[in-house]
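Below: query21.cif (mmCIF, C-alpha atoms)
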data_my_file
#
loop_
_atom_site.label_atom_id
_atom_site.label_comp_id
_atom_site.auth_asym_id
_atom_site.auth_seq_id
_atom_site.Cartn_x
_atom_site.Cartn_y
_atom_site.Cartn_z
CA MET O 1 73.74 88.58 96.58
CA ASN O 2 74.64 89.58 100.14
CA ASN O 3 73.24 86.27 101.43
CA LEU O 4 75.42 84.36 98.97
CA LEU O 5 78.56 86.25 100.00
CA GLU O 6 77.76 85.71 103.68
CA ALA O 7 77.37 81.99 103.05
CA ILE O 8 80.69 81.93 101.18
CA LYS O 9 82.38 83.68 104.11
CA LYS O 10 80.93 81.18 106.61
CA ARG O 11 81.79 78.06 104.59
CA ARG O 12 84.75 76.38 106.27
CA SER O 13 86.35 72.96 106.68
CA TYR O 14 84.68 71.28 109.66
CA TYR O 15 86.54 68.25 110.97
CA GLY O 16 84.49 67.99 114.14
CA ILE O 17 81.16 66.58 112.90
CA GLY O 18 78.46 64.42 114.44
CA GLY O 19 75.68 62.17 113.18
CA GLU O 20 72.71 64.12 114.57
CA ARG O 21 70.08 64.50 111.86
CA ILE O 22 69.53 68.24 112.13
CA VAL O 23 68.59 68.28 108.43
CA PRO O 24 66.38 65.52 106.92
CA GLU O 25 67.99 63.20 104.39
CA GLU O 26 65.38 64.27 101.85
CA ARG O 27 66.51 67.90 102.14
CA ILE O 28 70.13 66.95 101.52
CA GLU O 29 69.10 64.89 98.49
CA GLU O 30 67.16 67.90 97.18
CA LEU O 31 70.16 70.24 97.60
CA VAL O 32 72.48 67.82 95.82
CA LYS O 33 70.08 67.25 92.92
CA GLU O 34 69.48 70.97 92.44
CA ALA O 35 73.21 71.71 92.47
CA VAL O 36 73.98 68.91 90.00
CA LYS O 37 71.22 70.19 87.73
CA TYR O 38 72.14 73.88 87.74
CA VAL O 39 75.93 74.14 88.20
CA PRO O 40 77.42 75.04 84.78
CA SER O 41 79.60 72.77 82.68
CA ALA O 42 81.58 73.37 79.49
CA PHE O 43 79.50 72.76 76.34
CA ASN O 44 76.67 71.89 78.77
CA SER O 45 78.36 68.51 79.06
CA GLN O 46 76.69 67.70 82.40
CA SER O 47 79.52 65.25 83.14
CA ALA O 48 79.18 65.47 86.94
CA ARG O 49 78.01 62.40 88.81
CA VAL O 50 77.30 62.28 92.55
CA VAL O 51 76.69 59.51 95.07
CA VAL O 52 75.23 60.36 98.49
CA LEU O 53 75.91 57.92 101.31
CA PHE O 54 73.94 57.81 104.57
CA GLY O 55 73.90 55.45 107.53
CA GLN O 56 75.87 52.23 107.18
CA ASN O 57 76.87 53.13 103.61
CA HIS O 58 78.51 56.30 104.89
CA LYS O 59 80.37 54.38 107.61
CA LYS O 60 81.41 51.70 105.11
CA LEU O 61 83.18 54.30 102.96
CA TRP O 62 85.41 55.33 105.85
CA ASP O 63 85.97 51.67 106.80
CA ILE O 64 87.18 51.06 103.23
CA THR O 65 89.39 54.14 103.36
CA GLU O 66 90.88 53.15 106.72
CA GLU O 67 91.55 49.58 105.55
CA THR O 68 93.22 50.91 102.39
CA LEU O 69 95.41 53.37 104.27
CA ARG O 70 96.39 50.76 106.86
CA LYS O 71 98.23 48.91 104.07
CA ILE O 72 100.22 52.05 103.19
CA VAL O 73 100.77 54.13 106.32
CA PRO O 74 103.48 52.79 108.68
CA GLU O 75 101.97 51.20 111.81
CA GLY O 76 103.77 53.60 114.13
CA GLN O 77 102.22 56.57 112.35
CA PHE O 78 98.72 55.15 111.89
CA ALA O 79 97.12 56.50 115.08
CA SER O 80 96.48 59.97 113.62
CA THR O 81 95.06 58.46 110.41
CA GLU O 82 92.78 56.19 112.44
CA LYS O 83 91.58 59.18 114.46
CA LYS O 84 90.87 61.15 111.29
CA MET O 85 88.85 58.26 109.80
CA ALA O 86 86.85 57.95 113.04
CA GLY O 87 86.07 61.67 112.81
CA PHE O 88 84.72 61.36 109.27
CA ARG O 89 82.83 58.17 110.17
CA SER O 90 81.09 59.95 113.07
CA GLY O 91 79.34 62.32 110.64
CA TYR O 92 75.86 62.14 109.17
CA GLY O 93 76.83 61.25 105.59
CA THR O 94 79.31 61.58 102.75
CA ILE O 95 78.94 62.95 99.24
CA LEU O 96 81.11 61.38 96.55
CA PHE O 97 81.92 63.52 93.52
CA PHE O 98 82.67 61.85 90.18
CA GLU O 99 83.19 62.93 86.58
CA ASP O 100 81.99 60.67 83.77
CA ASP O 101 84.98 60.10 81.49
CA ALA O 102 82.72 58.66 78.78
CA VAL O 103 81.08 62.08 78.39
CA ILE O 104 84.45 63.82 78.30
CA LYS O 105 85.83 61.37 75.73
CA SER O 106 82.77 61.84 73.53
CA LEU O 107 83.26 65.61 73.55
CA GLN O 108 86.95 65.20 72.74
CA GLU O 109 85.99 63.16 69.70
CA GLN O 110 83.32 65.64 68.59
CA PHE O 111 85.44 68.76 69.09
CA GLU O 112 89.03 67.86 68.18
CA LEU O 113 90.20 71.47 68.46
CA TYR O 114 89.38 71.53 72.20
CA LYS O 115 90.23 67.93 73.12
CA ASP O 116 92.99 68.87 75.55
CA ASN O 117 90.72 71.32 77.33
CA PHE O 118 87.79 69.05 78.14
CA PRO O 119 89.49 67.28 81.09
CA ILE O 120 90.48 70.69 82.49
CA TRP O 121 86.99 72.10 82.03
CA SER O 122 85.56 68.98 83.63
CA GLN O 123 87.68 69.58 86.75
CA GLN O 124 86.61 73.23 86.86
CA SER O 125 82.95 72.27 86.69
CA SER O 126 83.44 69.65 89.41
CA GLY O 127 85.07 72.28 91.61
CA MET O 128 82.08 74.57 91.15
CA LEU O 129 79.73 71.72 92.07
CA GLN O 130 81.72 70.84 95.18
CA PHE O 131 81.71 74.47 96.26
CA ALA O 132 77.98 74.89 95.57
CA ILE O 133 77.05 71.82 97.61
CA TRP O 134 79.50 72.70 100.39
CA THR O 135 77.99 76.19 100.67
CA ALA O 136 74.44 74.80 100.54
CA LEU O 137 75.25 72.46 103.42
CA GLU O 138 76.66 75.42 105.36
CA LEU O 139 73.39 77.31 104.86
CA GLU O 140 71.54 74.32 106.35
CA GLY O 141 73.73 74.46 109.47
CA LEU O 142 75.87 71.46 108.54
CA GLY O 143 79.65 71.27 108.68
CA ALA O 144 81.66 69.58 105.93
CA SER O 145 85.17 69.15 104.59
CA LEU O 146 86.59 68.08 101.25
CA GLN O 147 88.79 64.97 101.14
CA HIS O 148 90.82 63.33 98.37
CA TYR O 149 91.56 59.67 99.04
CA ASN O 150 91.25 58.87 95.35
CA PRO O 151 92.70 57.06 93.49
CA LEU O 152 93.62 54.84 96.47
CA ILE O 153 90.00 53.88 97.16
CA ASP O 154 88.58 54.07 93.64
CA GLU O 155 88.33 50.37 92.83
CA ALA O 156 86.92 49.40 96.22
CA VAL O 157 84.31 52.18 96.02
CA LYS O 158 83.25 51.13 92.52
CA ALA O 159 82.93 47.51 93.63
CA GLU O 160 81.00 48.28 96.83
CA TRP O 161 78.39 50.53 95.23
CA ASN O 162 78.38 49.16 91.68
CA ILE O 163 79.66 52.44 90.21
CA PRO O 164 79.99 52.55 86.40
CA GLU O 165 83.56 52.07 85.18
CA SER O 166 83.57 55.41 83.34
CA TRP O 167 82.88 57.37 86.55
CA ARG O 168 86.13 58.81 87.92
CA LEU O 169 86.19 59.67 91.64
CA ILE O 170 87.22 63.28 92.26
CA ALA O 171 86.54 64.00 95.95
CA GLN O 172 84.75 62.93 99.11
CA MET O 173 82.77 65.29 101.33
CA PRO O 174 81.91 64.00 104.82
CA PHE O 175 79.33 66.16 106.59
CA GLY O 176 77.36 66.36 109.82
CA ASN O 177 76.27 68.63 112.60
CA PRO O 178 79.27 70.73 113.71
CA THR O 179 80.75 69.54 117.01
CA ALA O 180 83.83 71.77 116.96
CA GLU O 181 84.55 75.15 115.42
CA PRO O 182 87.13 75.37 112.64
CA GLY O 183 90.42 77.11 113.40
CA GLU O 184 91.24 80.68 112.45
CA LYS O 185 91.84 81.27 108.77
CA ASP O 186 94.73 83.43 107.58
CA PHE O 187 94.37 85.59 104.49
CA GLN O 188 97.05 86.88 102.17
CA PRO O 189 96.77 90.62 101.36
CA ILE O 190 93.90 90.95 98.90
CA GLU O 191 95.82 93.67 97.03
CA GLU O 192 98.37 91.02 96.03
CA ARG O 193 95.66 88.73 94.68
CA VAL O 194 93.27 91.08 92.87
CA LYS O 195 94.12 93.76 90.33
CA VAL O 196 91.53 96.29 89.15
CA PHE O 197 91.93 98.56 86.12
CA LYS O 198 89.49 101.41 85.49
#

Turn the structure described in the file into structure tokens.
Amino acid sequence: MNNLLEAIKKRRSYYGIGGERIVPEERIEELVKEAVKYVPSAFNSQSARVVVLFGQNHKKLWDITEETLRKIVPEGQFASTEKKMAGFRSGYGTILFFEDDAVIKSLQEQFELYKDNFPIWSQQSSGMLQFAIWTALELEGLGASLQHYNPLIDEAVKAEWNIPESWRLIAQMPFGNPTAEPGEKDFQPIEERVKVFK
């Protein structure tokens, strides 16, 4: 338990990442598969779907994102966006998190009483999966951050990697060897956030 809490404390958003392969691709695949298998989901729906991108596939994702944003962000303000995309692109890989809406719809049809809850529960399960993988990467010495360029890039991503139509993109997690430390993190008083009754 102490090791888990220490890992949670150390997990941060790393924007300075490099492409050095300090962890083999096979190890990252293993971590992702184990997390997808064991992270809980409502009604054991197992609606999470994950795509792991390495090498040119990883770079292509951030090319797609940059091209998409270039059409939206004013030219005079694009320099910071371009720099951010270059930072993500310089990493080792990216993990794409999806939820399968076909699974969620099926559950809504089977359990009418809870139909409004299944999309919420799906998001909660996805959040747990993202956190589990993020923390696992931290334990391996990798830095990562969580990005949300969906739905802007959804169609291009589905077309590029032949993603099933029912898979809905939730988040993108670029990762790599840390090249810069994250900034200081401020905390609100814990007494204002946790109440205990004995």

Please enumerate the residues selected by the PyMOL selection byres ((chain O and resi 59) around 9) when evaluated against the supplied file, formatted as a PyMOL selection string. chain O and resi 53-58+60-64+88-91+93-94

ask   = Restricting the calculation to all atoms listed in the file, which member of O:Arg12, O:Arg49, O:Arg193, O:Arg21 is positioned closest to Lys33 (chain O)?
value =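 Of all the options, O:Arg49 lies closest to Lys33 (chain O).
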
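If you look at CA of Ala156 (chain O) and CA of Leu69 (chain O), they are 12.4 Å away from each other.
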
Query raised in the report: Which residue, O:Phe187, O:Phe131, O:Phe98, O:Trp121, has the smallest gap to Lys158 (chain O) when you use only C-alpha atoms?
Result: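 Of O:Phe187, O:Phe131, O:Phe98, O:Trp121, the one nearest Lys158 (chain O), counting only C-alpha atoms, is O:Phe98.
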
Distance query 6 Å from (82.0, 71.9, 81.6) using only C-alpha atoms, result as a ChimeraX atom specification:
/O:41-43,45,121-122,125

request  = Return the single residue from O:Phe78, O:Tyr92, O:Tyr38, O:Tyr15 that is closest to Asn177 (chain O), with distances computed using all atoms listed in the file.
outcome  =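 Selected residue with least distance to Asn177 (chain O): O:Tyr92.
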
Would you mind listing what lies within 12 Å of Arg70 (chain O) as a count of residues only, with all atoms listed in the file counted and same-chain residues fewer than 5 positions away left out?
14

For this structure, which residues satisfy the selection - the PyMOL selection byres ((chain O and resi 100) around 8) - when it is evaluated on the file as given? I want them as a compact mmCIF listing (two decimals) with C-alpha atoms, keeping the file's coordinate frame.
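Wrote selection.txt, looks like this:
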# COMPACT_ATOMS: atom_id res chain seq x y z
CA SER O 47 79.52 65.25 83.14
CA ALA O 48 79.18 65.47 86.94
CA ARG O 49 78.01 62.40 88.81
CA PHE O 98 82.67 61.85 90.18
CA GLU O 99 83.19 62.93 86.58
CA ASP O 101 84.98 60.10 81.49
CA ALA O 102 82.72 58.66 78.78
CA VAL O 103 81.08 62.08 78.39
CA ILE O 104 84.45 63.82 78.30
CA SER O 166 83.57 55.41 83.34
CA TRP O 167 82.88 57.37 86.55
CA ARG O 168 86.13 58.81 87.92

re CA of Gln172 (chain O) and CA of Ser106 (chain O): distance 25.7 Å

A straight line from CA of Gln110 (chain O) to CA of Gln46 (chain O) spans 15.5 Å

- So which residues touch Thr179 (chain O) within 12 Å, counting all atoms listed in the file, skipping near sequence neighbours fewer than 4 positions away, as a list of chain:residue names?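 Contacts, with the query itself left out: O:Tyr14, O:Tyr15, O:Gly16, O:Ile17, O:Gly18, O:Gly19, O:Glu20, O:Gly87, O:Phe88, O:Ser90, O:Gly91, O:Tyr92, O:Gly141, O:Leu142, O:Gly143, O:Ala144, O:Phe175.
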
Report task. Determine, counting only C-alpha atoms, which protein, DNA and RNA residues have an atom within 8 Å of an atom of Leu31 (chain O); residues of the same chain fewer than 4 positions away are not included. Present the result as a PyMOL selection string. Result -> chain O and resi 27+35+133+136

| said: For a quick check of understanding, using all atoms listed in the file, which of O:Ile28, O:Val52, O:Leu169, O:Ile190 has the smallest distance to Val157 (chain O)? | reply: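 Checking each of O:Ile28, O:Val52, O:Leu169, O:Ile190 against Val157 (chain O), counting all atoms listed in the file, the winner is O:Leu169.
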
Could you give me region 164-187 of chain O completed to N, CA and C atoms, formatted as a PDB file, in the frame of the given file?
ATOM      1  N   PRO O 164      79.543  52.784  87.780  1.00  0.00           N
ATOM      2  CA  PRO O 164      79.990  52.550  86.400  1.00  0.00           C
ATOM      3  C   PRO O 164      81.486  52.794  86.226  1.00  0.00           C
ATOM      4  N   GLU O 165      82.113  52.004  85.385  1.00  0.00           N
ATOM      5  CA  GLU O 165      83.560  52.070  85.180  1.00  0.00           C
ATOM      6  C   GLU O 165      84.010  53.432  84.703  1.00  0.00           C
ATOM      7  N   SER O 166      83.167  54.116  83.921  1.00  0.00           N
ATOM      8  CA  SER O 166      83.570  55.410  83.340  1.00  0.00           C
ATOM      9  C   SER O 166      83.513  56.559  84.347  1.00  0.00           C
ATOM     10  N   TRP O 167      82.940  56.322  85.529  1.00  0.00           N
ATOM     11  CA  TRP O 167      82.880  57.370  86.550  1.00  0.00           C
ATOM     12  C   TRP O 167      84.215  57.431  87.278  1.00  0.00           C
ATOM     13  N   ARG O 168      84.840  58.611  87.267  1.00  0.00           N
ATOM     14  CA  ARG O 168      86.130  58.810  87.920  1.00  0.00           C
ATOM     15  C   ARG O 168      85.929  59.597  89.218  1.00  0.00           C
ATOM     16  N   LEU O 169      86.361  59.028  90.335  1.00  0.00           N
ATOM     17  CA  LEU O 169      86.190  59.670  91.640  1.00  0.00           C
ATOM     18  C   LEU O 169      87.093  60.888  91.746  1.00  0.00           C
ATOM     19  N   ILE O 170      86.497  62.001  92.162  1.00  0.00           N
ATOM     20  CA  ILE O 170      87.220  63.280  92.260  1.00  0.00           C
ATOM     21  C   ILE O 170      87.456  63.678  93.718  1.00  0.00           C
ATOM     22  N   ALA O 171      86.428  63.529  94.559  1.00  0.00           N
ATOM     23  CA  ALA O 171      86.540  64.000  95.950  1.00  0.00           C
ATOM     24  C   ALA O 171      85.467  63.369  96.815  1.00  0.00           C
ATOM     25  N   GLN O 172      85.705  63.434  98.126  1.00  0.00           N
ATOM     26  CA  GLN O 172      84.750  62.930  99.110  1.00  0.00           C
ATOM     27  C   GLN O 172      84.449  64.050 100.101  1.00  0.00           C
ATOM     28  N   MET O 173      83.163  64.221 100.423  1.00  0.00           N
ATOM     29  CA  MET O 173      82.770  65.290 101.330  1.00  0.00           C
ATOM     30  C   MET O 173      81.972  64.737 102.509  1.00  0.00           C
ATOM     31  N   PRO O 174      82.649  64.405 103.619  1.00  0.00           N
ATOM     32  CA  PRO O 174      81.910  64.000 104.820  1.00  0.00           C
ATOM     33  C   PRO O 174      81.248  65.220 105.466  1.00  0.00           C
ATOM     34  N   PHE O 175      80.035  65.035 105.977  1.00  0.00           N
ATOM     35  CA  PHE O 175      79.330  66.160 106.590  1.00  0.00           C
ATOM     36  C   PHE O 175      78.528  65.685 107.793  1.00  0.00           C
ATOM     37  N   GLY O 176      78.165  66.655 108.642  1.00  0.00           N
ATOM     38  CA  GLY O 176      77.360  66.360 109.820  1.00  0.00           C
ATOM     39  C   GLY O 176      77.123  67.626 110.612  1.00  0.00           C
ATOM     40  N   ASN O 177      76.459  67.454 111.745  1.00  0.00           N
ATOM     41  CA  ASN O 177      76.270  68.630 112.600  1.00  0.00           C
ATOM     42  C   ASN O 177      77.621  69.017 113.198  1.00  0.00           C
ATOM     43  N   PRO O 178      77.963  70.313 113.180  1.00  0.00           N
ATOM     44  CA  PRO O 178      79.270  70.730 113.710  1.00  0.00           C
ATOM     45  C   PRO O 178      79.378  70.440 115.211  1.00  0.00           C
ATOM     46  N   THR O 179      80.493  69.814 115.587  1.00  0.00           N
ATOM     47  CA  THR O 179      80.750  69.540 117.010  1.00  0.00           C
ATOM     48  C   THR O 179      81.959  70.308 117.511  1.00  0.00           C
ATOM     49  N   ALA O 180      82.676  70.950 116.598  1.00  0.00           N
ATOM     50  CA  ALA O 180      83.830  71.770 116.960  1.00  0.00           C
ATOM     51  C   ALA O 180      83.988  72.863 115.906  1.00  0.00           C
ATOM     52  N   GLU O 181      84.364  74.034 116.350  1.00  0.00           N
ATOM     53  CA  GLU O 181      84.550  75.150 115.420  1.00  0.00           C
ATOM     54  C   GLU O 181      85.863  74.982 114.647  1.00  0.00           C
ATOM     55  N   PRO O 182      85.875  75.410 113.389  1.00  0.00           N
ATOM     56  CA  PRO O 182      87.130  75.370 112.640  1.00  0.00           C
ATOM     57  C   PRO O 182      88.119  76.391 113.190  1.00  0.00           C
ATOM     58  N   GLY O 183      89.394  76.172 112.915  1.00  0.00           N
ATOM     59  CA  GLY O 183      90.420  77.110 113.400  1.00  0.00           C
ATOM     60  C   GLY O 183      90.364  78.420 112.642  1.00  0.00           C
ATOM     61  N   GLU O 184      91.159  79.378 113.121  1.00  0.00           N
ATOM     62  CA  GLU O 184      91.240  80.680 112.450  1.00  0.00           C
ATOM     63  C   GLU O 184      91.820  80.501 111.048  1.00  0.00           C
ATOM     64  N   LYS O 185      91.359  81.340 110.144  1.00  0.00           N
ATOM     65  CA  LYS O 185      91.840  81.270 108.770  1.00  0.00           C
ATOM     66  C   LYS O 185      92.667  82.522 108.479  1.00  0.00           C
ATOM     67  N   ASP O 186      93.862  82.316 107.951  1.00  0.00           N
ATOM     68  CA  ASP O 186      94.730  83.430 107.580  1.00  0.00           C
ATOM     69  C   ASP O 186      94.482  83.815 106.131  1.00  0.00           C
ATOM     70  N   PHE O 187      94.569  85.088 105.848  1.00  0.00           N
ATOM     71  CA  PHE O 187      94.370  85.590 104.490  1.00  0.00           C
ATOM     72  C   PHE O 187      95.588  86.352 104.016  1.00  0.00           C
TER      73      PHE O 187
END
